[in-house]
Structures are given as C-alpha cells and as structure tokens.
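query_17.cif (mmCIF, C-alpha atoms) appears below.
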data_data
#
loop_
_atom_site.label_atom_id
_atom_site.label_comp_id
_atom_site.auth_asym_id
_atom_site.auth_seq_id
_atom_site.Cartn_x
_atom_site.Cartn_y
_atom_site.Cartn_z
CA MET M 1 61.62 -60.19 -9.12
CA ASP M 2 63.01 -59.23 -5.71
CA ILE M 3 60.80 -57.18 -3.38
CA LEU M 4 61.92 -55.42 -0.21
CA ILE M 5 59.29 -54.32 2.30
CA LYS M 6 60.79 -51.67 4.58
CA ASN M 7 59.79 -50.39 8.02
CA GLY M 8 56.53 -52.29 8.42
CA HIS M 9 54.96 -53.40 11.70
CA LEU M 10 55.13 -57.16 11.25
CA ILE M 11 52.56 -59.43 12.83
CA GLY M 12 53.80 -63.02 12.72
CA THR M 13 51.85 -66.03 13.91
CA ALA M 14 54.60 -68.65 14.03
CA THR M 15 57.81 -66.85 14.88
CA VAL M 16 55.94 -64.43 17.14
CA VAL M 17 57.16 -61.46 15.17
CA ASP M 18 55.34 -58.38 16.43
CA GLY M 19 57.43 -55.31 15.75
CA MET M 20 59.23 -53.18 13.20
CA ALA M 21 61.24 -55.13 10.62
CA ASP M 22 61.94 -55.53 6.92
CA ILE M 23 61.08 -58.45 4.65
CA LEU M 24 63.12 -59.44 1.62
CA VAL M 25 61.36 -61.55 -1.03
CA LYS M 26 63.40 -63.48 -3.59
CA ASP M 27 62.16 -65.96 -6.18
CA GLY M 28 58.70 -66.12 -4.63
CA VAL M 29 60.01 -66.95 -1.16
CA ILE M 30 60.60 -64.92 1.99
CA ALA M 31 64.40 -64.80 1.97
CA GLU M 32 64.97 -62.74 5.10
CA ILE M 33 63.17 -60.99 7.95
CA ARG M 34 65.16 -58.56 10.07
CA LYS M 35 65.68 -54.89 10.74
CA ASP M 36 67.61 -52.66 8.36
CA ILE M 37 67.92 -54.90 5.32
CA PRO M 38 69.97 -52.87 2.80
CA GLU M 39 68.10 -51.61 -0.23
CA GLY M 40 68.96 -53.17 -3.56
CA ALA M 41 65.86 -55.10 -4.52
CA GLN M 42 64.13 -54.32 -7.82
CA LYS M 43 61.04 -53.18 -5.92
CA VAL M 44 61.15 -51.42 -2.59
CA ILE M 45 57.92 -50.85 -0.67
CA ASP M 46 57.90 -48.35 2.18
CA ALA M 47 55.51 -49.81 4.75
CA SER M 48 56.07 -47.14 7.41
CA GLY M 49 52.98 -46.87 9.59
CA LYS M 50 51.51 -49.99 8.01
CA ILE M 51 50.66 -53.44 9.36
CA VAL M 52 52.28 -56.39 7.58
CA LEU M 53 50.45 -59.70 7.94
CA PRO M 54 50.74 -63.18 6.48
CA GLY M 55 48.45 -63.44 3.46
CA LEU M 56 44.94 -64.21 4.69
CA VAL M 57 43.47 -67.70 4.30
CA ASP M 58 39.73 -67.81 3.64
CA MET M 59 38.46 -71.34 4.13
CA HIS M 60 34.91 -70.79 2.88
CA VAL M 61 34.54 -69.28 -0.59
CA HIS M 62 32.07 -69.88 -3.44
CA LEU M 63 33.77 -69.15 -6.76
CA ARG M 64 30.74 -70.38 -8.78
CA GLU M 65 32.84 -71.61 -11.72
CA PRO M 66 32.01 -73.85 -13.50
CA GLY M 67 28.32 -73.32 -14.14
CA ARG M 68 27.42 -69.88 -12.77
CA GLU M 69 29.98 -67.60 -14.33
CA ASP M 70 27.33 -64.86 -14.37
CA LYS M 71 27.78 -64.64 -10.58
CA GLU M 72 31.54 -65.15 -10.26
CA THR M 73 34.52 -66.79 -11.90
CA VAL M 74 37.83 -68.03 -10.60
CA ALA M 75 39.41 -64.94 -12.20
CA THR M 76 37.05 -62.38 -10.63
CA GLY M 77 36.74 -64.18 -7.32
CA THR M 78 40.48 -64.38 -6.79
CA LYS M 79 40.90 -60.73 -7.85
CA ALA M 80 38.39 -59.92 -5.12
CA ALA M 81 40.39 -62.10 -2.76
CA VAL M 82 43.72 -60.34 -3.23
CA LYS M 83 42.00 -56.96 -3.06
CA GLY M 84 40.85 -58.01 0.40
CA GLY M 85 44.30 -59.29 1.39
CA VAL M 86 43.37 -62.95 0.90
CA THR M 87 46.09 -65.02 -0.77
CA SER M 88 44.59 -68.50 -0.26
CA VAL M 89 40.97 -69.61 -0.61
CA LEU M 90 39.17 -72.91 -0.13
CA ALA M 91 36.68 -73.24 -2.98
CA MET M 92 33.37 -74.88 -2.10
CA PRO M 93 32.17 -77.70 -4.39
CA ASN M 94 28.57 -76.54 -4.99
CA THR M 95 29.34 -75.63 -8.57
CA THR M 96 27.32 -76.74 -11.60
CA PRO M 97 28.07 -79.59 -11.95
CA ALA M 98 29.23 -80.30 -8.42
CA MET M 99 32.90 -80.99 -7.73
CA ASP M 100 32.24 -84.68 -7.12
CA SER M 101 34.74 -86.55 -9.32
CA PRO M 102 38.47 -86.50 -10.07
CA GLU M 103 37.72 -85.42 -13.64
CA ARG M 104 35.72 -82.39 -12.56
CA LEU M 105 38.29 -81.49 -9.95
CA ARG M 106 41.02 -81.72 -12.58
CA MET M 107 39.04 -79.44 -14.90
CA PHE M 108 38.59 -76.91 -12.09
CA GLN M 109 42.28 -76.94 -11.25
CA GLU M 110 43.11 -76.22 -14.88
CA ILE M 111 40.87 -73.14 -14.71
CA VAL M 112 42.69 -72.13 -11.52
CA ARG M 113 46.08 -72.62 -13.14
CA LYS M 114 45.16 -70.36 -16.04
CA THR M 115 43.15 -67.60 -14.37
CA ALA M 116 43.66 -67.36 -10.58
CA SER M 117 45.32 -64.40 -8.87
CA SER M 118 45.56 -66.23 -5.52
CA HIS M 119 46.19 -69.75 -4.32
CA VAL M 120 43.03 -71.85 -4.66
CA PHE M 121 42.52 -75.06 -2.70
CA ALA M 122 39.60 -77.31 -3.52
CA ALA M 123 36.97 -78.93 -1.35
CA ALA M 124 35.22 -81.85 -3.01
CA ALA M 125 31.65 -83.00 -2.49
CA ILE M 126 30.78 -85.63 0.12
CA THR M 127 28.03 -87.11 -2.04
CA LYS M 128 27.57 -87.42 -5.78
CA GLY M 129 25.80 -84.35 -7.09
CA ARG M 130 25.57 -83.20 -3.46
CA ALA M 131 22.33 -85.17 -3.48
CA GLY M 132 22.96 -86.93 -0.18
CA ALA M 133 22.44 -90.41 -1.58
CA GLU M 134 25.83 -91.87 -2.58
CA LEU M 135 29.34 -91.08 -1.36
CA THR M 136 31.99 -89.81 -3.74
CA ASP M 137 35.37 -91.52 -4.11
CA PHE M 138 37.26 -89.78 -1.30
CA ALA M 139 40.58 -91.48 -2.02
CA ALA M 140 40.51 -90.52 -5.70
CA LEU M 141 39.50 -86.94 -4.88
CA LYS M 142 42.31 -86.60 -2.38
CA ALA M 143 44.78 -87.99 -4.91
CA GLU M 144 43.60 -85.28 -7.30
CA GLY M 145 44.32 -82.56 -4.73
CA ALA M 146 41.17 -82.09 -2.61
CA VAL M 147 42.02 -80.95 0.93
CA ALA M 148 38.51 -81.37 2.36
CA VAL M 149 35.07 -82.78 1.62
CA THR M 150 31.76 -81.02 2.16
CA ASP M 151 28.28 -80.81 0.69
CA ASP M 152 28.23 -77.14 1.67
CA GLY M 153 24.89 -75.57 0.95
CA SER M 154 23.37 -78.85 2.08
CA SER M 155 23.72 -81.25 4.97
CA VAL M 156 23.79 -85.03 4.48
CA ASP M 157 20.49 -86.07 6.05
CA ASP M 158 21.09 -89.82 6.17
CA ASP M 159 22.77 -90.62 9.50
CA GLY M 160 24.22 -93.91 8.28
CA LEU M 161 25.67 -92.34 5.14
CA MET M 162 27.20 -89.49 7.11
CA GLU M 163 28.71 -91.93 9.60
CA GLU M 164 30.30 -93.83 6.71
CA ALA M 165 31.57 -90.53 5.28
CA PHE M 166 33.37 -89.77 8.54
CA ARG M 167 34.92 -93.25 8.63
CA LEU M 168 36.08 -92.99 5.04
CA ALA M 169 37.43 -89.46 5.55
CA LYS M 170 39.39 -90.65 8.60
CA LYS M 171 40.89 -93.47 6.53
CA CYS M 172 41.82 -91.10 3.69
CA GLY M 173 43.04 -88.28 5.91
CA LEU M 174 40.49 -85.73 4.64
CA LEU M 175 38.89 -82.98 6.68
CA VAL M 176 35.08 -83.07 6.75
CA VAL M 177 33.49 -79.61 6.66
CA CYS M 178 29.88 -79.69 7.83
CA HIS M 179 27.11 -77.38 6.73
CA CYS M 180 24.79 -78.08 9.64
CA GLU M 181 21.18 -77.64 8.66
CA ASP M 182 18.18 -79.89 9.10
CA LYS M 183 15.93 -78.72 6.28
CA ARG M 184 12.99 -80.50 7.84
CA LEU M 185 13.24 -77.79 10.49
CA SER M 186 14.40 -74.81 8.42
CA GLN M 187 11.89 -75.59 5.64
CA LYS M 188 11.01 -72.40 3.75
CA GLY M 189 12.21 -69.95 6.37
CA VAL M 190 14.02 -66.81 5.24
CA MET M 191 15.34 -65.33 8.50
CA ASN M 192 15.88 -66.23 12.16
CA LEU M 193 12.75 -67.40 13.94
CA GLY M 194 12.02 -64.99 16.76
CA LEU M 195 10.57 -61.65 17.70
CA MET M 196 11.91 -59.91 14.57
CA SER M 197 10.50 -62.49 12.16
CA THR M 198 7.11 -62.09 13.83
CA GLU M 199 7.28 -58.29 13.64
CA LEU M 200 8.37 -58.37 9.99
CA GLY M 201 5.91 -61.07 8.96
CA LEU M 202 8.66 -63.27 7.50
CA ARG M 203 8.94 -67.03 7.85
CA GLY M 204 11.50 -67.99 10.47
CA ILE M 205 14.33 -70.53 10.59
CA PRO M 206 14.64 -71.97 14.11
CA LYS M 207 18.06 -72.29 15.67
CA GLU M 208 17.31 -75.99 16.18
CA ALA M 209 17.79 -76.48 12.43
CA GLU M 210 21.45 -75.69 12.99
CA TYR M 211 22.38 -76.90 16.44
CA ARG M 212 20.55 -80.23 16.30
CA ARG M 213 22.56 -81.06 13.19
CA VAL M 214 25.76 -79.80 14.86
CA GLU M 215 24.98 -82.18 17.72
CA ARG M 216 24.50 -85.10 15.34
CA ASP M 217 27.62 -84.43 13.30
CA LEU M 218 29.79 -84.04 16.38
CA HIS M 219 28.46 -87.38 17.68
CA LEU M 220 29.08 -89.19 14.40
CA ALA M 221 32.54 -87.69 13.95
CA ALA M 222 33.53 -88.65 17.50
CA GLY M 223 32.37 -92.21 16.91
CA ALA M 224 34.57 -92.42 13.83
CA GLY M 225 37.49 -90.63 15.46
CA CYS M 226 37.47 -88.23 12.52
CA PRO M 227 38.38 -84.52 12.61
CA VAL M 228 35.35 -82.36 11.82
CA HIS M 229 35.02 -78.69 11.03
CA ILE M 230 31.72 -76.91 11.64
CA ALA M 231 31.09 -74.17 9.10
CA HIS M 232 29.43 -70.76 9.57
CA VAL M 233 28.35 -71.12 13.20
CA SER M 234 25.54 -68.66 13.96
CA CYS M 235 23.96 -69.44 17.34
CA ARG M 236 24.77 -69.83 21.03
CA GLU M 237 23.59 -73.43 21.25
CA SER M 238 26.03 -74.51 18.53
CA VAL M 239 28.83 -72.73 20.41
CA ASP M 240 27.94 -74.63 23.59
CA LEU M 241 27.98 -77.98 21.78
CA ILE M 242 31.34 -77.26 20.14
CA ALA M 243 32.82 -76.09 23.45
CA ALA M 244 31.70 -79.30 25.15
CA ALA M 245 33.17 -81.44 22.35
CA LYS M 246 36.49 -79.64 22.63
CA LYS M 247 36.46 -80.12 26.39
CA ARG M 248 36.05 -83.86 25.77
CA GLY M 249 39.15 -83.74 23.60
CA GLU M 250 37.39 -84.39 20.30
CA PRO M 251 39.14 -83.13 17.13
CA VAL M 252 36.61 -80.42 16.27
CA THR M 253 37.19 -76.95 14.82
CA ALA M 254 34.73 -74.26 13.87
CA GLU M 255 34.38 -71.03 11.96
CA THR M 256 32.00 -68.13 11.89
CA ALA M 257 31.74 -65.20 9.49
CA PRO M 258 32.15 -61.44 10.04
CA HIS M 259 28.45 -60.77 9.50
CA TYR M 260 27.48 -63.05 12.41
CA LEU M 261 29.94 -61.20 14.66
CA ILE M 262 28.72 -57.74 13.66
CA PHE M 263 25.02 -57.81 12.70
CA THR M 264 21.87 -59.23 14.27
CA ASP M 265 18.43 -60.05 12.86
CA GLU M 266 17.43 -56.45 13.64
CA ALA M 267 19.36 -55.49 10.48
CA LEU M 268 16.47 -56.99 8.48
CA GLU M 269 14.09 -54.20 9.54
CA THR M 270 14.50 -52.62 6.09
CA TYR M 271 13.86 -55.93 4.29
CA ASP M 272 17.25 -55.55 2.57
CA PRO M 273 18.09 -58.89 0.86
CA ASN M 274 21.78 -58.15 1.35
CA PHE M 275 21.21 -59.26 4.94
CA LYS M 276 19.66 -62.56 3.84
CA MET M 277 22.01 -65.46 4.38
CA ASN M 278 21.98 -69.11 5.45
CA PRO M 279 22.30 -69.65 8.35
CA PRO M 280 20.51 -66.39 9.06
CA LEU M 281 21.56 -63.53 11.28
CA ARG M 282 20.49 -64.36 14.82
CA THR M 283 19.79 -62.35 17.99
CA LYS M 284 22.08 -60.08 19.98
CA ALA M 285 22.49 -62.88 22.54
CA ASP M 286 23.73 -65.20 19.79
CA ARG M 287 26.07 -62.55 18.42
CA ASP M 288 27.51 -61.93 21.86
CA ALA M 289 28.01 -65.67 22.39
CA LEU M 290 29.89 -65.88 19.08
CA ARG M 291 32.11 -62.96 20.06
CA GLN M 292 32.93 -64.65 23.35
CA ALA M 293 33.57 -67.95 21.56
CA VAL M 294 36.09 -66.22 19.31
CA ARG M 295 37.85 -64.73 22.34
CA ASP M 296 37.87 -68.10 24.13
CA GLY M 297 39.11 -70.09 21.12
CA VAL M 298 35.93 -72.17 20.86
CA ILE M 299 35.56 -70.72 17.37
CA ASP M 300 38.93 -71.16 15.69
CA ALA M 301 38.64 -69.13 12.51
CA VAL M 302 36.68 -66.49 10.67
CA ALA M 303 35.81 -67.02 7.00
CA SER M 304 33.84 -64.89 4.58
CA ASP M 305 31.39 -67.50 3.23
CA HIS M 306 31.71 -65.40 0.06
CA ALA M 307 28.49 -66.17 -1.85
CA PRO M 308 28.09 -63.92 -4.90
CA HIS M 309 24.74 -63.53 -6.66
CA THR M 310 23.49 -61.46 -9.57
CA GLU M 311 21.44 -58.33 -8.92
CA SER M 312 18.38 -60.02 -10.43
CA GLU M 313 18.67 -62.70 -7.74
CA LYS M 314 19.17 -60.26 -4.87
CA ASP M 315 17.47 -56.98 -5.72
CA ILE M 316 14.00 -58.49 -5.46
CA GLU M 317 11.35 -59.18 -2.82
CA PHE M 318 13.02 -60.52 0.34
CA ASP M 319 11.13 -63.84 0.33
CA HIS M 320 12.36 -64.68 -3.16
CA ALA M 321 15.92 -63.36 -2.95
CA GLU M 322 18.81 -65.84 -2.85
CA PHE M 323 20.60 -66.58 0.40
CA GLY M 324 24.20 -65.39 0.69
CA VAL M 325 26.48 -62.36 0.75
CA THR M 326 29.87 -61.45 -0.66
CA GLY M 327 32.72 -61.02 1.78
CA LEU M 328 36.22 -61.46 0.37
CA GLU M 329 36.85 -57.72 0.02
CA THR M 330 35.38 -56.68 3.37
CA GLU M 331 36.17 -59.45 5.88
CA CYS M 332 39.46 -58.03 7.13
CA ALA M 333 38.38 -54.39 7.23
CA SER M 334 35.08 -55.24 8.91
CA LEU M 335 36.94 -56.94 11.78
CA VAL M 336 39.44 -54.09 12.00
CA SER M 337 36.59 -51.57 12.14
CA GLU M 338 34.45 -53.46 14.62
CA PHE M 339 37.05 -54.96 16.94
CA ILE M 340 40.61 -53.66 16.50
CA ALA M 341 39.57 -50.01 16.32
CA SER M 342 37.70 -50.46 19.62
CA ASP M 343 40.56 -52.40 21.25
CA ARG M 344 38.47 -55.58 21.51
CA MET M 345 40.91 -57.53 19.34
CA THR M 346 44.64 -57.36 18.67
CA TRP M 347 46.37 -57.66 15.33
CA MET M 348 47.90 -60.93 16.52
CA GLU M 349 44.41 -62.29 17.21
CA LEU M 350 43.18 -61.14 13.82
CA ALA M 351 46.15 -62.83 12.11
CA ARG M 352 45.31 -66.05 13.91
CA LEU M 353 41.61 -65.96 13.00
CA LEU M 354 42.12 -65.00 9.36
CA SER M 355 45.42 -66.64 8.54
CA SER M 356 47.27 -69.13 10.72
CA ALA M 357 44.25 -70.96 12.21
CA PRO M 358 42.46 -71.68 8.91
CA ALA M 359 45.76 -72.78 7.36
CA LYS M 360 46.34 -75.17 10.26
CA ILE M 361 42.80 -76.54 10.05
CA LEU M 362 43.20 -77.24 6.34
CA GLY M 363 46.70 -78.63 6.74
CA ILE M 364 48.18 -76.25 4.18
CA ASP M 365 51.57 -74.56 4.42
CA LYS M 366 50.25 -71.02 4.61
CA GLY M 367 49.49 -68.33 7.16
CA ARG M 368 52.96 -67.59 8.51
CA LEU M 369 55.64 -64.98 8.04
CA GLU M 370 58.88 -66.97 8.12
CA ALA M 371 62.07 -67.07 6.10
CA GLY M 372 61.96 -69.91 3.62
CA ARG M 373 58.18 -69.85 3.22
CA CYS M 374 56.13 -68.85 0.20
CA ALA M 375 55.93 -65.06 0.09
CA ASP M 376 52.20 -64.48 0.75
CA ILE M 377 52.02 -61.08 2.43
CA VAL M 378 49.44 -58.34 2.91
CA ILE M 379 50.20 -54.72 3.82
CA ILE M 380 47.38 -52.84 5.55
CA ASP M 381 46.97 -49.17 6.37
CA PRO M 382 45.26 -49.43 9.77
CA ALA M 383 44.10 -45.81 9.81
CA ARG M 384 42.74 -45.42 6.30
CA GLU M 385 38.96 -45.27 6.06
CA TRP M 386 36.93 -46.21 3.00
CA VAL M 387 33.29 -46.55 2.05
CA VAL M 388 31.98 -49.81 0.59
CA THR M 389 30.38 -49.09 -2.80
CA LYS M 390 29.07 -51.31 -5.58
CA ALA M 391 31.36 -49.74 -8.15
CA ALA M 392 34.52 -50.57 -6.22
CA PHE M 393 34.05 -54.35 -6.05
CA ALA M 394 36.47 -56.56 -7.95
CA SER M 395 33.97 -59.39 -7.55
CA LYS M 396 31.35 -59.77 -10.27
CA SER M 397 28.72 -59.41 -7.58
CA ASN M 398 28.04 -56.75 -4.98
CA ASN M 399 25.51 -58.33 -2.61
CA SER M 400 27.29 -57.09 0.50
CA PRO M 401 25.72 -56.26 3.87
CA PHE M 402 28.43 -53.60 4.26
CA LEU M 403 27.30 -51.48 1.30
CA GLY M 404 27.37 -47.81 2.22
CA ARG M 405 29.28 -48.41 5.45
CA LYS M 406 32.57 -46.71 6.28
CA LEU M 407 35.26 -49.25 7.18
CA LYS M 408 38.67 -48.72 8.69
CA GLY M 409 41.79 -50.57 7.62
CA ALA M 410 42.54 -50.69 3.90
CA VAL M 411 44.67 -53.18 1.99
CA GLU M 412 47.56 -51.27 0.41
CA CYS M 413 49.30 -54.21 -1.22
CA THR M 414 48.89 -57.97 -1.53
CA ILE M 415 51.83 -60.17 -2.50
CA CYS M 416 50.99 -63.72 -3.54
CA ALA M 417 53.78 -66.23 -4.20
CA GLY M 418 56.27 -63.37 -4.39
CA LYS M 419 54.32 -61.35 -6.97
CA ILE M 420 52.37 -58.16 -6.40
CA ALA M 421 48.80 -59.33 -6.96
CA TYR M 422 47.08 -56.12 -5.85
CA THR M 423 48.03 -52.57 -4.96
CA SER M 424 45.74 -49.69 -4.06
CA SER M 425 47.99 -47.17 -5.84
CA LYS M 426 51.01 -46.97 -8.07
CA LYS M 427 53.06 -45.18 -5.42
CA ASN M 428 56.08 -47.22 -4.33
CA PHE M 429 55.08 -50.12 -6.59
CA SER M 430 56.41 -49.08 -9.99
#
Please go through the file and, once you have read it, give me the structure as structure tokens.
Amino acid sequence: MDILIKNGHLIGTATVVDGMADILVKDGVIAEIRKDIPEGAQKVIDASGKIVLPGLVDMHVHLREPGREDKETVATGTKAAVKGGVTSVLAMPNTTPAMDSPERLRMFQEIVRKTASSHVFAAAAITKGRAGAELTDFAALKAEGAVAVTDDGSSVDDDGLMEEAFRLAKKCGLLVVCHCEDKRLSQKGVMNLGLMSTELGLRGIPKEAEYRRVERDLHLAAGAGCPVHIAHVSCRESVDLIAAAKKRGEPVTAETAPHYLIFTDEALETYDPNFKMNPPLRTKADRDALRQAVRDGVIDAVASDHAPHTESEKDIEFDHAEFGVTGLETECASLVSEFIASDRMTWMELARLLSSAPAKILGIDKGRLEAGRCADIVIIDPAREWVVTKAAFASKSNNSPFLGRKLKGAVECTICAGKIAYTSSKKNFS
C-alpha cells in the first residue's frame, strides 16, 4: 500500500534533510523524498506542523519472552515500541531460559516473525545461562542472526573469560555490550550510595561498582582490539574513562538512558519503587556530567533500558522491589520535554541519539531517511502535551518514573517497513 506524507518538517541524519518536504512510500520502501509530490497514493498523511524522523532505534530493550510473559511479550513490547516511535529494538538475552544457543535464538525469532509490530534484533548471551562460567558459541549465534553479545543484567566477573570473550567477538565480528557492575561492590544496595541513601536509610550502591568495571572492560577490549559498547552509563567517572578511551582512539561507544539525564537520587525521597533501577539514579553532578557527555559525543546514544515488571514486583516496599523501569513509550517525549522544549537540544541531535547512532553502533541498516531505504518513519507533533498514565500504556507493565508527568511531543504515527504500525487517531489514516 502506497503512503504519501505531505508537508512534514523532515529531520534526516544521512542526507542532512532538515526542512519541509514530502515522502512517498511504495512497497515498504521510501520511493521518493522531495517537495510537492503529487497526490495519488492510497493513503495520504498531512504532516503540516509535524516533525518527521527516521524510525527510532532502541538498542536496549527487555522483551521478557520467553519465560516472563506476565511482564511483557514480543507482541506487547513491540506495540509499546511503535507507540513510542521506535521501529527497531535490540532485545536483551536475559530471558528464561537465556538466549544462549542457536536453537533458543531460532525459537525467539519465530516468535518475532509471528507477533512483532516492529523490527526486532537479537543480542545473545556471552556466557551459557548468563552464569559467567562458560562462553557461548559466538560464531553459531552470529550465523543465527545475533548482532551483539551481552550478559546484560550481569557482568562477567572472570577477567580471563571476559578477555577471551573479547577476542572471540573480534574474530566473529560481534559487538560486545557490557553491563558494568562489580557485584562484590554493589552487593545488596538499592540506590546510589551518598547523602540521600544515608538520609533515607537505604543501602547504597557505590559508583565504584560501575566505573571500576568500565575501566576493566575498556582495558580488556583494547587489548583484544575489539569494539565495545558500554550500556546504561550513570556516573561521571564512567564518562571520564570512556572519554579517555575515545581520545586514545579505541573503538568504544556508550549509551545512557533518559532517566539518568533527567532525574537524580533526590527523586527517591518518596520511596517510589518506580525510581529504582540498576545502575541507580546518581547525583546532580553525575547527571550534569552525563548531559555534557551527550553534548560532546562521549555518550553516543540514548536507549530506554525498557525493563517491565508486574505490579506485585514493583508496588511493594522499596528494598524488595525489582530494579528497572519501562521506557519505550516515553523515551522520545521525555527528551523533547526536557531538552528540545528548552532549546538545549535540536531535533537533529535527537535523531542522532535515538536513531542513526544506535543503528550505526549495531551495524544495522536503519536510522536514516533516504530514498531506497526501508520505510521506517515516525511523525511527531512537537507541541502536543500528554500526561503519562497507567491506563494508556501499550506495554503489559507500567513501572514508569514518568507516571503522572506531563510530557511534550506526541507520536502521531509510526510507519514500520512501509506499514502503519501505530496512529494516535483515525484522522488522515483511513
């Protein structure tokens, strides 16, 4: 079905499109981008006053299936994705069982084929069962379609095993995504170690638990000459280490999440478990360092770290609540509200952080508005305000730190592979 998007303000990250133009979609592909394309398509979308971006690429998503379908499924998670303007996700392998073999990866991809509303790329586990004891078969996992390896949710503690993982990943051409946490240091902490944890009487997680492991992984990756991606960066010291590695010319990339750019550990004053995540929210100084790192390009991408949980796992005493927050449906609007609305970020910068940069890091052909490419497009009303409510989530879970907050910038329409995957209303789409 042909789709014509008229009069939108296009933000392109490859062809440097930043102006008014039309987009014609034919057979799932962007057929043409120019001004004044004649009407004649089966569907015509008037995007006057709207921002048109490449479909967003979220490189850190927990879809929970198989094993914890009570929290999320591929079907519900990807519906949440397209509602948030995300057309491609990287699924983390900490499922039950873990995504640690070609057979399990094949089973997952069959679920994706049957139920997904967005593109889903798979990250496979570094170690069998994510137990940190024995490496998986990287070559076989790549042959089955894995684009990265990670034990996300855990860090591989054994230095020798992690060094071998980097060498094997380099040989196979796989990206290593590192969850940097030394659990000997984080232990049973539930929030950032500091003044707030003392005031609230909660056990703290020192920043050393993150940045010491960042330091180790950067060292091991450099020794192997292997590209490494540092996930969910939360503190200033990690930023400094990554900046130094980049200055040395090492192939390192990094991401943070919207909540680390917006909130601090002071948000935990109400003991709301929806602000409990791992790594935890840090101090204002850390948040400011992350914001500067995003501006400077030290942090390459922003990802949601979408981690859905049931209400029975979250709506309980803070100490016992699960770590993690949802984010697919709020990541774009939260950045628009916090940074674009205050002129601290441009739409071009947002497109890079949420689309072209993560696609480049993963080596996938996404994140660009260009003729001949797969038609993954999101149309955003930059002025429309909306309140985050539990009832409105497409995700199975609603453990969001943005609940009750008014956000600016609403997704009007998401087109994935040339099909309308989400629309906020029937107007202009029927």
Item to complete: Quick one: everything within 6 Å of M:Asp300, counting only C-alpha atoms, minus sequence neighbours fewer than 2 positions away in the same chain. Send it as a list in words.
Response: Ala254, Glu255 and Gly297 of chain M
Just to be explicit: take each residue in the selection above, keep C-alpha atoms, and write the result as a PDB file, in the frame of the given file.
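Contents of out_2.pdb, as written:
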ATOM      1  CA  ALA M 254      34.730 -74.260  13.870  1.00  0.00           C
ATOM      2  CA  GLU M 255      34.380 -71.030  11.960  1.00  0.00           C
ATOM      3  CA  GLY M 297      39.110 -70.090  21.120  1.00  0.00           C
TER       4      GLY M 297
END
Practice prompt. Starting from the shown file, work through the PyMOL selection byres ((chain M and resi 61-69) around 7) and note down what comes out as a PyMOL selection string.
Written response: chain M and resi 58-60+70-74+77+89-92+95-97+304-307
Do you know which residues are at most 9 Å from M:Leu168 counting only C-alpha atoms, after dropping those on the same chain fewer than 5 positions away, and could you put them as a PDB file with C-alpha atoms, in the coordinates of the input?
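Generated output (result.pdb):
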ATOM      1  CA  PHE M 138      37.260 -89.780  -1.300  1.00  0.00           C
ATOM      2  CA  ALA M 139      40.580 -91.480  -2.020  1.00  0.00           C
ATOM      3  CA  GLU M 163      28.710 -91.930   9.600  1.00  0.00           C
ATOM      4  CA  GLY M 173      43.040 -88.280   5.910  1.00  0.00           C
ATOM      5  CA  LEU M 174      40.490 -85.730   4.640  1.00  0.00           C
ATOM      6  CA  ALA M 224      34.570 -92.420  13.830  1.00  0.00           C
ATOM      7  CA  CYS M 226      37.470 -88.230  12.520  1.00  0.00           C
TER       8      CYS M 226
END
Practice prompt. Determine, counting all atoms listed in the file, which protein, DNA and RNA residues have an atom within 7 Å of an atom of M:Lys6; residues of the same chain fewer than 2 positions away are not included. Present the result as an MDAnalysis selection string.
Written response: chainID M and resid 4 8 21:23 45:47
Item to complete: Give the answer as one residue: which of M:Leu202, M:Val52, M:Phe263, M:Met162 has the shortest atom-to-atom distance to M:His219, using all atoms listed in the file?
Response: M:Met162
Discussion item. Give me, as an MDAnalysis selection string, all polymer residues having an atom no more than 12 Å from M:Thr127, counting all atoms listed in the file and skipping those fewer than 3 positions away in the same chain.
Written reply: chainID M and resid 93:94 98:101 124 130:138 141 149:152 154:158 161:162 164:165 176
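Remark: for M:Asp272, the closest of the candidate residues M:Phe402, M:Trp347, M:Phe166, M:Phe339 is M:Phe402 (distances computed over all atoms listed in the file).
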Fill in: From M:Leu220, M:Val336, M:Ala75, M:Cys416, residue lying nearest M:Lys114 [all atoms listed in the file]
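Looking only at the distances to M:Lys114, the closest residue turns out to be M:Ala75.
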Practice prompt. Given the file shown, determine the residues that the PyMOL selection byres ((chain M and resi 145) around 10) selects; report them as JSON, numbers by chain.
Written response: {"M": [102, 105, 106, 109, 121, 122, 123, 124, 140, 141, 142, 143, 144, 146, 147, 148]}
Worksheet entry | Counting all atoms listed in the file, the option among M:Val388, M:Ala267, M:Leu53, M:Cys374 closest to M:Leu353 | M:Leu53
Worksheet item: So what does the PyMOL selection byres ((chain M and resi 411) around 10) actually pick up in this one, as number ranges by chain?
Response: M: 50-52, 82-86, 329, 332-333, 378-382, 384, 409-410, 412-414, 422-424
Please write the residues from the selection above to a file, keeping C-alpha atoms, as a short mmCIF file (atom, residue, chain, number, x, y, z; two decimals), keeping the file's coordinate frame.
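The resulting file, out20.cif, is reproduced below:
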data_model
loop_
_atom_site.label_atom_id
_atom_site.label_comp_id
_atom_site.auth_asym_id
_atom_site.auth_seq_id
_atom_site.Cartn_x
_atom_site.Cartn_y
_atom_site.Cartn_z
CA LYS M 50 51.51 -49.99 8.01
CA ILE M 51 50.66 -53.44 9.36
CA VAL M 52 52.28 -56.39 7.58
CA VAL M 82 43.72 -60.34 -3.23
CA LYS M 83 42.00 -56.96 -3.06
CA GLY M 84 40.85 -58.01 0.40
CA GLY M 85 44.30 -59.29 1.39
CA VAL M 86 43.37 -62.95 0.90
CA GLU M 329 36.85 -57.72 0.02
CA CYS M 332 39.46 -58.03 7.13
CA ALA M 333 38.38 -54.39 7.23
CA VAL M 378 49.44 -58.34 2.91
CA ILE M 379 50.20 -54.72 3.82
CA ILE M 380 47.38 -52.84 5.55
CA ASP M 381 46.97 -49.17 6.37
CA PRO M 382 45.26 -49.43 9.77
CA ARG M 384 42.74 -45.42 6.30
CA GLY M 409 41.79 -50.57 7.62
CA ALA M 410 42.54 -50.69 3.90
CA GLU M 412 47.56 -51.27 0.41
CA CYS M 413 49.30 -54.21 -1.22
CA THR M 414 48.89 -57.97 -1.53
CA TYR M 422 47.08 -56.12 -5.85
CA THR M 423 48.03 -52.57 -4.96
CA SER M 424 45.74 -49.69 -4.06
#
Worksheet entry | Residue among M:Leu56, M:Leu261, M:Leu10, M:Ile415 lying closest to M:Arg236, counting only C-alpha atoms |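 The answer is M:Leu261, which sits nearest to M:Arg236.
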Item to complete: Counting all atoms listed in the file, figure out which residue out of M:Asp319, M:Asp217, M:Glu370, M:Glu385 gets nearest to M:His179.
Response: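 Comparing M:Asp319, M:Asp217, M:Glu370, M:Glu385 against M:His179, the winner is M:Asp217.
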Worksheet item: Within 7 Å of M:Cys180, counting all atoms listed in the file, which residues qualify if same-chain residues fewer than 2 places away don't, as a ChimeraX atom specification?
Response: /M:155,178,182,210,213-214
Fill in: atom CA of M:Pro227 to atom CA of M:Gly160, straight-line distance in Å
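Those two atoms sit 17.5 Å apart.
Protein and nucleic acid residues near (27.0, -57.2, 1.8) are Asn274, Phe275, Val325, Thr326, Gly327, Asn398, Asn399, Ser400, Pro401, Phe402 and Leu403 of chain M, the criterion being any atom at most 8 Å away using all atoms listed in the file.
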Response to the item:
Students should find that atom CA of M:Ala303 and atom CA of M:Ser88 are spaced 11.5 Å
Practice prompt. Please write as a ChimeraX atom specification the list of polymer residues whose atoms come within 9 Å of (54.0, -63.3, 1.1), counting all atoms listed in the file and keeping to the coordinates of the file.
Written response: /M:25,28-30,53-55,87,368-369,373-378,414-419
